[in-house]
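The block underneath contains the structure these notes are about, expressed in structure tokens.
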Amino acid sequence: MTALRVLAAMSGGVDSATAAARAADAGHDVTGVHLALSENPKSFRTGARGCCTLEDARDARRAADVIGIPFYVWDMAERFRQDVVDDFVAEYAAGRTPNPCLRCNEKIKFAAVLDRALALGFDAVCTGHYASVEDGVLHRAADSGKDQSYVLAVLTPRQLSRAMFPLGGTPKEQVRAEAARRGLAVAGKPDSHDVCFIADGDTRGFLARRLGPAPGTIVDADGTVIGEHDGTYGFTVGQRRGLRVGRPAADGKPRYVLDIEPVTRTVTVGPAGELDVTQITARRPVWTGCPPPERPLDCAVQLRAHGEVHACTAWLDGGVLHIRLRAPARGVAKGQAAVLYDGRRVLGSGTIAGTSPTARLPAAP
Amino acid sequence: MSSQNLRGGGRDEIVYLDHAATTPMLPVAIEAMASELGRLGNPSSLHNAGRRARRVVEESREQIAEVFGARPSEVIFTSGGTEADNLAVKGLYWTRRAAAPRRRRILTTSVEHHAVLDSVRWLEEAEGAEAAWLGVDSTGLVRPEVLRSAIERAPEGVAVVSVMWANNEVGTVQPVSELAAVAHESGIPFHSDAVQAAAQLPVDFADSGADALTVTGHKLGGPVGVGALILARGMEPVPVLHGGGQERDIRSGTLDAPAIRAFAVAAAAAAARREYEAKRLAELRDELVRQVLAAVPDAVLNGAPPGPGRLPGNAHFSFPGCEGDALLMLLDARGIACSTGSACTAGVAEPSHVLLAMGADDSRARGSLRFSLGHTSTQADVDALGGAIGEAVARAKRAVTR
Ligand SMILES: Cc1ncc(COP(=O)(O)O)c(C=O)c1O
């Protein structure tokens, strides 16, 4: 093996610490870097649940000490705000449901950080993601419950060629045990959840502060107004809770968000059956596990993080990815990624731009 | 690239160009401290062991007083420069305001160390103080006229003036005795943070005319965690630390005899070599500046021109098109230790408030590095930097993200 100069992004959690330790064990020349992503570190979530607190920076530093690698903090707050936080807010404002972790991988860890690292003489960026790169192709992790290939599937072949994911073949529990064996104090630190830049976990409140009130109506599928809301950004397609509609549905069954129209500020709700989607279009497709397909491709698709996979046929038409599901899927939100798989292998991905319940979209050619 | 390029000769032999952050303890100071650590006694105790420890403290006080041109009774030991600055600024403000409530103005510069800067800001937020930040020129210098006109706006409202002796980032030396004289014309007490000056310049408390002077151990070859506020008679700052009433009731806390002894031994040793050392360091520094400018022709030396207006061991550059933290990392990987200026708790480099005050823009402030020499510095250190800086700058230029 050739020893590489590796920049290990260390969040302060157990995964990235163990990943850095493994890269160093493998003989690479590893430097630990904690990314300061908050413009005011104290305002972010404190405790062990999120990233970017001062405590996390300290945990990362102490892990680097134990591993025996140099350690620095890189200030990426401005880029993070522009490319992840502002994007998150704008996407919700446009009636879509973004995935900020995915965006952070695409724009920060494997873009701003990777580019700076390469310019400074590093060969690769190492993270604690559960996924693996085999012959240059992204694959699901061995621990399917922990698999994070979904939030990495937007990376281009060039980005993947510089990525190192040492944990892809190991179950999470083994990683914790290994961290403890290595004497890393973060071995027992709880996993982070939710959105790291929303301190209290209240996404709707965060968006309301950023976007201000934008009241509108909640309507039935036939257009009857049945309630009001403070802003379409408080809703996600498929959402059932928190609709605050007074009148029960005619059939007495629960209602779900079917559609979000930010311009007219209209949220359409209806029964679960109306959530079924069989046709999906996705923009900005990237192909990392196969060349852009010239004819319809039978594969599987995942439509949200930790979501199930659906058998499908996918094809390209004028730069837009079309996906037809073998069986309907429920609660597919615009703004999420559609990631195509062949078994563990990631073929490519796109950002969901449109959905349709029946075969109203063009049929597979 | 190969791992050779960045890591170079390895980390064991480090080229230490960060003496302004802390300088290695002098062997005589280590010896003095180690031997004293093994001895018993609280200097405030009345028995034999206490008297012995007290004698160590008082002899050290005399040594410190002699080195800095003060009377022994004027030396108040503290836990270091930060505490001495806090005591001077807050304590004198409180005392002066108590005597005349309209005295709420604090005149200080925008290039002070955070120990002064943040004390003043805190007094503004919590204690009704009004700060007047004296402007500096492009070399970081405060002109006495600037102080005079700031005082003249409302002389009777000024509580205290604080201007550092030499700047810790860019090394600019302030005209302290002229500034003290200006303050005295209006009867205002004058404090100066002489932490950086103490090791490399002749610092004479009586001659300077200052009423309060901050010094610290670890910048002149003594240990970290001990320092002093030299305080003229008649100056009675309200204490920051209350307790057993040690140090004239101005600073409570059991006196750290081993650290105080080592501080005094180091200060005396540094004073004995000062003239020779200042000349040696100035020559080394001039050579460092020459080599850096030869390797990086567009680098800019910040601060006063080399000479009496600048600390002999200080060189501070802006490297256009670079980020200081990237450069620091590249040099660190080659075993060369330097500094970007002030760092916050998370370790994120902030743009230097000193450079901003000197009129630099944000990118120039972020793209700067301080190299500071001290008693262990050699020509080999300077040559190592000269050999590494060109490639590091070229690489850092490619890595700019903003
Ligand atoms: C000018 C100046 N003042 C104050 C201090 C603080 O001194 P200490 O580290 O002893 O608290 C320093 C050193 O960091 C300094 O350079």
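By order in the structure tokens, chains are A, B, ...; within a chain, residues start at 1; ligands start at 1, following the order shown.
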Using 6 Å as the limit and counting only C-alpha atoms, can you tabulate each residue of chain A that touches chain B, with its shortest atom-to-atom distance in Å and the two atoms involved, as a tab-separated table?
residue	atom	partner	partner_atom	distance
A:Leu54	CA	B:Ala346	CA	5.8
A:Val73	CA	B:Gly347	CA	5.7
A:Asp75	CA	B:Val348	CA	5.9
A:Arg116	CA	B:Ala399	CA	4.7
A:Ala119	CA	B:Ala399	CA	4.8
A:Leu120	CA	B:Arg395	CA	5.7
**OP:** Pick out the residues no farther than 9 Å from ligand 1, counting only C-alpha atoms and all ligand atoms, and list them as an MDAnalysis selection string.
**Re:** chainID B and resid 20:22 79:85 112:116 164:169 193:197 214:219 224:227
Residues as selected, N, CA and C atoms, written as a CSV table (one decimal), in the first residue's frame, can you do that?
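Written output follows (part21.csv):
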chain,number,residue,atom,x,y,z
B,20,ALA,N,7.0,34.6,21.7
B,20,ALA,CA,6.1,35.6,22.3
B,20,ALA,C,4.9,34.9,22.9
B,21,ALA,N,4.6,33.7,22.6
B,21,ALA,CA,3.5,32.9,23.2
B,21,ALA,C,4.0,32.4,24.6
B,22,THR,N,5.1,31.8,24.6
B,22,THR,CA,5.8,31.5,25.8
B,22,THR,C,7.2,31.1,25.4
B,79,SER,N,-1.1,35.9,39.5
B,79,SER,CA,-1.0,34.6,38.8
B,79,SER,C,-0.5,34.8,37.4
B,80,GLY,N,-0.2,36.0,37.0
B,80,GLY,CA,0.3,36.2,35.7
B,80,GLY,C,-0.1,37.5,35.1
B,81,GLY,N,0.1,37.6,33.8
B,81,GLY,CA,-0.2,38.9,33.1
B,81,GLY,C,-1.6,39.2,33.0
B,82,THR,N,-2.4,38.2,32.8
B,82,THR,CA,-3.9,38.4,32.7
B,82,THR,C,-4.4,38.9,34.0
B,83,GLU,N,-4.1,38.3,35.1
B,83,GLU,CA,-4.6,38.8,36.3
B,83,GLU,C,-4.1,40.2,36.7
B,84,ALA,N,-2.8,40.5,36.4
B,84,ALA,CA,-2.3,41.8,36.7
B,84,ALA,C,-3.0,42.9,35.8
B,85,ASP,N,-3.3,42.6,34.6
B,85,ASP,CA,-4.0,43.5,33.7
B,85,ASP,C,-5.4,43.7,34.3
B,112,GLU,N,-4.5,46.6,22.3
B,112,GLU,CA,-4.1,45.9,23.5
B,112,GLU,C,-4.3,44.4,23.5
B,113,HIS,N,-3.6,43.7,24.4
B,113,HIS,CA,-3.9,42.3,24.6
B,113,HIS,C,-5.3,42.1,25.1
B,114,HIS,N,-5.9,41.0,24.8
B,114,HIS,CA,-7.3,40.7,25.3
B,114,HIS,C,-7.5,40.9,26.8
B,115,ALA,N,-6.4,40.7,27.6
B,115,ALA,CA,-6.5,40.8,29.0
B,115,ALA,C,-6.9,42.3,29.4
B,116,VAL,N,-6.5,43.2,28.6
B,116,VAL,CA,-6.9,44.6,28.8
B,116,VAL,C,-8.2,44.9,28.1
B,164,MET,N,-0.2,49.6,26.3
B,164,MET,CA,0.8,48.6,26.4
B,164,MET,C,2.2,49.1,26.0
B,165,TRP,N,3.2,48.5,26.6
B,165,TRP,CA,4.6,48.9,26.4
B,165,TRP,C,5.0,48.5,25.0
B,166,ALA,N,4.8,47.2,24.7
B,166,ALA,CA,5.2,46.7,23.4
B,166,ALA,C,4.1,45.7,23.0
B,167,ASN,N,3.7,45.8,21.7
B,167,ASN,CA,2.6,45.0,21.2
B,167,ASN,C,3.0,43.5,21.0
B,168,ASN,N,2.2,42.6,21.5
B,168,ASN,CA,2.5,41.2,21.4
B,168,ASN,C,2.4,40.6,20.0
B,169,GLU,N,1.7,41.2,19.1
B,169,GLU,CA,1.6,40.7,17.8
B,169,GLU,C,2.6,41.3,16.8
B,193,ASP,N,0.9,47.5,30.1
B,193,ASP,CA,1.1,46.1,30.0
B,193,ASP,C,2.5,45.9,29.4
B,194,ALA,N,3.5,45.6,30.2
B,194,ALA,CA,4.9,45.4,29.7
B,194,ALA,C,5.3,44.0,29.6
B,195,VAL,N,4.3,43.1,29.4
B,195,VAL,CA,4.6,41.6,29.4
B,195,VAL,C,5.6,41.3,28.3
B,196,GLN,N,5.4,41.8,27.1
B,196,GLN,CA,6.3,41.5,26.0
B,196,GLN,C,7.6,42.3,26.1
B,197,ALA,N,7.5,43.5,26.6
B,197,ALA,CA,8.7,44.3,26.7
B,197,ALA,C,9.7,43.8,27.7
B,214,THR,N,2.4,45.8,34.2
B,214,THR,CA,2.1,44.4,34.2
B,214,THR,C,3.4,43.7,33.7
B,215,VAL,N,3.8,42.6,34.4
B,215,VAL,CA,4.8,41.7,33.9
B,215,VAL,C,4.4,40.3,34.2
B,216,THR,N,5.0,39.3,33.5
B,216,THR,CA,4.7,37.9,33.7
B,216,THR,C,5.9,37.1,33.6
B,217,GLY,N,5.9,35.9,34.2
B,217,GLY,CA,7.0,35.0,34.3
B,217,GLY,C,7.4,34.3,33.0
B,218,HIS,N,6.3,33.8,32.3
B,218,HIS,CA,6.7,32.9,31.2
B,218,HIS,C,7.1,33.5,29.9
B,219,LYS,N,7.2,34.8,29.9
B,219,LYS,CA,7.7,35.4,28.7
B,219,LYS,C,9.2,35.8,28.8
B,224,VAL,N,5.1,29.6,33.9
B,224,VAL,CA,3.7,30.1,33.6
B,224,VAL,C,3.0,30.1,34.9
B,225,GLY,N,2.1,31.1,35.1
B,225,GLY,CA,1.2,31.1,36.3
B,225,GLY,C,1.7,32.0,37.4
B,226,VAL,N,2.7,32.8,37.1
B,226,VAL,CA,3.1,33.8,38.1
B,226,VAL,C,3.5,35.1,37.3
B,227,GLY,N,3.2,36.2,37.9
B,227,GLY,CA,3.5,37.5,37.3
B,227,GLY,C,3.4,38.5,38.4
Subject >> Surrounding residues of B:Thr139 excluding itself and chain neighbours under 5 positions, 8 Å, only C-alpha atoms, as a PyMOL selection string >> reply: chain B and resi 172+302-304+358
Next, the residues of the selection above should be written as a PDB file, in the first residue's frame with N, CA, C and O atoms.
ATOM      1  N   THR B 172       5.352  46.514  18.018  1.00  0.00           N
ATOM      2  CA  THR B 172       5.537  47.964  18.058  1.00  0.00           C
ATOM      3  C   THR B 172       5.675  48.457  19.505  1.00  0.00           C
ATOM      4  O   THR B 172       4.892  48.075  20.378  1.00  0.00           O
ATOM      5  N   ASN B 302       4.737  43.718   8.831  1.00  0.00           N
ATOM      6  CA  ASN B 302       3.816  44.591   9.567  1.00  0.00           C
ATOM      7  C   ASN B 302       4.493  45.180  10.794  1.00  0.00           C
ATOM      8  O   ASN B 302       5.393  44.566  11.362  1.00  0.00           O
ATOM      9  N   GLY B 303       4.004  46.341  11.219  1.00  0.00           N
ATOM     10  CA  GLY B 303       4.516  46.959  12.435  1.00  0.00           C
ATOM     11  C   GLY B 303       5.595  47.975  12.125  1.00  0.00           C
ATOM     12  O   GLY B 303       5.814  48.348  10.968  1.00  0.00           O
ATOM     13  N   ALA B 304       6.278  48.419  13.180  1.00  0.00           N
ATOM     14  CA  ALA B 304       7.297  49.458  13.029  1.00  0.00           C
ATOM     15  C   ALA B 304       8.517  48.877  12.320  1.00  0.00           C
ATOM     16  O   ALA B 304       8.784  47.683  12.411  1.00  0.00           O
ATOM     17  N   MET B 358      -4.769  48.593  12.693  1.00  0.00           N
ATOM     18  CA  MET B 358      -3.708  49.265  11.938  1.00  0.00           C
ATOM     19  C   MET B 358      -4.148  49.563  10.510  1.00  0.00           C
ATOM     20  O   MET B 358      -3.353  50.027   9.692  1.00  0.00           O
TER      21      MET B 358
END
**OP:** Find the residues near B:Leu141: any atom within 7 Å, counting only C-alpha atoms, skip ones fewer than 3 places away on the same chain, and give them as a PyMOL selection string.
**Re:** chain B and resi 136-137+172+174
Those selected residues, please, written with N, CA and C atoms and delivered as a PDB file, in the first residue's frame.
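Dumped to out_27.pdb:
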ATOM      1  N   VAL B 136      -4.451  54.012  16.349  1.00  0.00           N
ATOM      2  CA  VAL B 136      -3.021  53.828  16.106  1.00  0.00           C
ATOM      3  C   VAL B 136      -2.751  54.114  14.634  1.00  0.00           C
ATOM      4  N   ASP B 137      -1.478  54.363  14.309  1.00  0.00           N
ATOM      5  CA  ASP B 137      -1.150  54.557  12.895  1.00  0.00           C
ATOM      6  C   ASP B 137      -0.937  53.196  12.239  1.00  0.00           C
ATOM      7  N   THR B 172       5.352  46.514  18.018  1.00  0.00           N
ATOM      8  CA  THR B 172       5.537  47.964  18.058  1.00  0.00           C
ATOM      9  C   THR B 172       5.675  48.457  19.505  1.00  0.00           C
ATOM     10  N   GLN B 174       5.557  51.392  22.259  1.00  0.00           N
ATOM     11  CA  GLN B 174       4.843  52.661  22.439  1.00  0.00           C
ATOM     12  C   GLN B 174       5.689  53.661  23.238  1.00  0.00           C
TER      13      GLN B 174
END
Got a sec: who's within 9 Å of A:Pro292, counting only C-alpha atoms, leaving out chain neighbours fewer than 4 positions off, as an mmCIF file with N, CA and C atoms, in the first residue's frame?
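The result, stored in out-v3.cif:
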data_model
loop_
_atom_site.group_PDB
_atom_site.id
_atom_site.type_symbol
_atom_site.label_atom_id
_atom_site.label_comp_id
_atom_site.auth_asym_id
_atom_site.auth_seq_id
_atom_site.Cartn_x
_atom_site.Cartn_y
_atom_site.Cartn_z
ATOM 1 N N PRO A 285 -28.736 14.661 -12.162
ATOM 2 C CA PRO A 285 -28.293 13.289 -11.925
ATOM 3 C C PRO A 285 -26.766 13.162 -11.940
ATOM 4 N N VAL A 286 -26.231 12.322 -11.046
ATOM 5 C CA VAL A 286 -24.805 11.964 -11.101
ATOM 6 C C VAL A 286 -24.727 10.445 -11.238
ATOM 7 N N TRP A 287 -23.740 9.992 -11.956
ATOM 8 C CA TRP A 287 -23.577 8.548 -12.201
ATOM 9 C C TRP A 287 -22.220 8.121 -11.710
ATOM 10 N N THR A 288 -22.188 7.311 -10.691
ATOM 11 C CA THR A 288 -20.888 6.909 -10.148
ATOM 12 C C THR A 288 -20.690 5.405 -10.229
ATOM 13 N N TRP A 315 -34.614 5.878 -16.329
ATOM 14 C CA TRP A 315 -34.036 6.258 -17.621
ATOM 15 C C TRP A 315 -33.797 7.755 -17.645
ATOM 16 N N LEU A 316 -32.963 8.157 -18.584
ATOM 17 C CA LEU A 316 -32.625 9.572 -18.732
ATOM 18 C C LEU A 316 -33.345 10.130 -19.934
ATOM 19 N N GLY A 348 -26.177 5.765 -8.981
ATOM 20 C CA GLY A 348 -26.230 7.201 -9.213
ATOM 21 C C GLY A 348 -27.333 7.809 -8.379
#
Subject >> Which of B:Gly221, B:Gly140, B:Gly253, B:Pro351 sits closest to B:Ala29 [using only C-alpha atoms] >> reply: B:Gly221
Original post:
Using only C-alpha atoms, which residues sit within 8 Å of stretch 312-323 of chain B once same-chain residues fewer than 6 positions away are excluded, as a VMD selection string?
Top reply: chain B and resid 169 to 171 200 278 to 279 281 to 282 284 to 285 288 to 289 298 to 303 306 363 to 374 393 396 to 397 399 to 400
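Each of A:Gly223, A:Gly201, A:Pro166, A:Gly27 was compared to A:Thr127 using only C-alpha atoms, and A:Pro166 turns out to be the nearest.
Among the candidates B:Arg105, B:Arg52, B:Pro175, B:Ile389, the residue lying nearest to B:Ile336 is B:Ile389 (atoms considered: only C-alpha atoms).
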Original post:
Of the candidates A:Arg295, A:Arg204, A:Arg79, A:Arg158, which shows the shortest atom-to-atom distance to A:Asp317, using only C-alpha atoms?
Top reply: A:Arg295
**OP:** Quick one: everything within 7 Å of B:Val111, counting only C-alpha atoms, minus sequence neighbours fewer than 5 positions away in the same chain. Send it as a ChimeraX atom specification.
**Re:** /B:353-354,357
Deliver the residues from the most recent selection as a file, using all heavy atoms, as a PDB file, in the first residue's frame.
ATOM      1  N   HIS B 353      -7.282  41.568  15.666  1.00  0.00           N
ATOM      2  CA  HIS B 353      -7.822  42.902  15.943  1.00  0.00           C
ATOM      3  C   HIS B 353      -6.727  43.957  15.844  1.00  0.00           C
ATOM      4  O   HIS B 353      -6.992  45.127  15.583  1.00  0.00           O
ATOM      5  CB  HIS B 353      -8.491  42.944  17.322  1.00  0.00           C
ATOM      6  CG  HIS B 353      -7.536  42.801  18.477  1.00  0.00           C
ATOM      7  ND1 HIS B 353      -7.080  41.576  18.925  1.00  0.00           N
ATOM      8  CD2 HIS B 353      -6.934  43.722  19.264  1.00  0.00           C
ATOM      9  CE1 HIS B 353      -6.254  41.768  19.951  1.00  0.00           C
ATOM     10  NE2 HIS B 353      -6.148  43.056  20.176  1.00  0.00           N
ATOM     11  N   VAL B 354      -5.484  43.549  16.066  1.00  0.00           N
ATOM     12  CA  VAL B 354      -4.365  44.490  16.001  1.00  0.00           C
ATOM     13  C   VAL B 354      -4.165  44.966  14.563  1.00  0.00           C
ATOM     14  O   VAL B 354      -4.081  46.162  14.291  1.00  0.00           O
ATOM     15  CB  VAL B 354      -3.075  43.836  16.548  1.00  0.00           C
ATOM     16  CG1 VAL B 354      -1.876  44.753  16.339  1.00  0.00           C
ATOM     17  CG2 VAL B 354      -3.246  43.479  18.021  1.00  0.00           C
ATOM     18  N   ALA B 357      -6.959  47.160  13.461  1.00  0.00           N
ATOM     19  CA  ALA B 357      -6.818  48.514  14.009  1.00  0.00           C
ATOM     20  C   ALA B 357      -5.760  49.308  13.251  1.00  0.00           C
ATOM     21  O   ALA B 357      -5.826  50.530  13.169  1.00  0.00           O
ATOM     22  CB  ALA B 357      -6.472  48.453  15.496  1.00  0.00           C
TER      23      ALA B 357
END
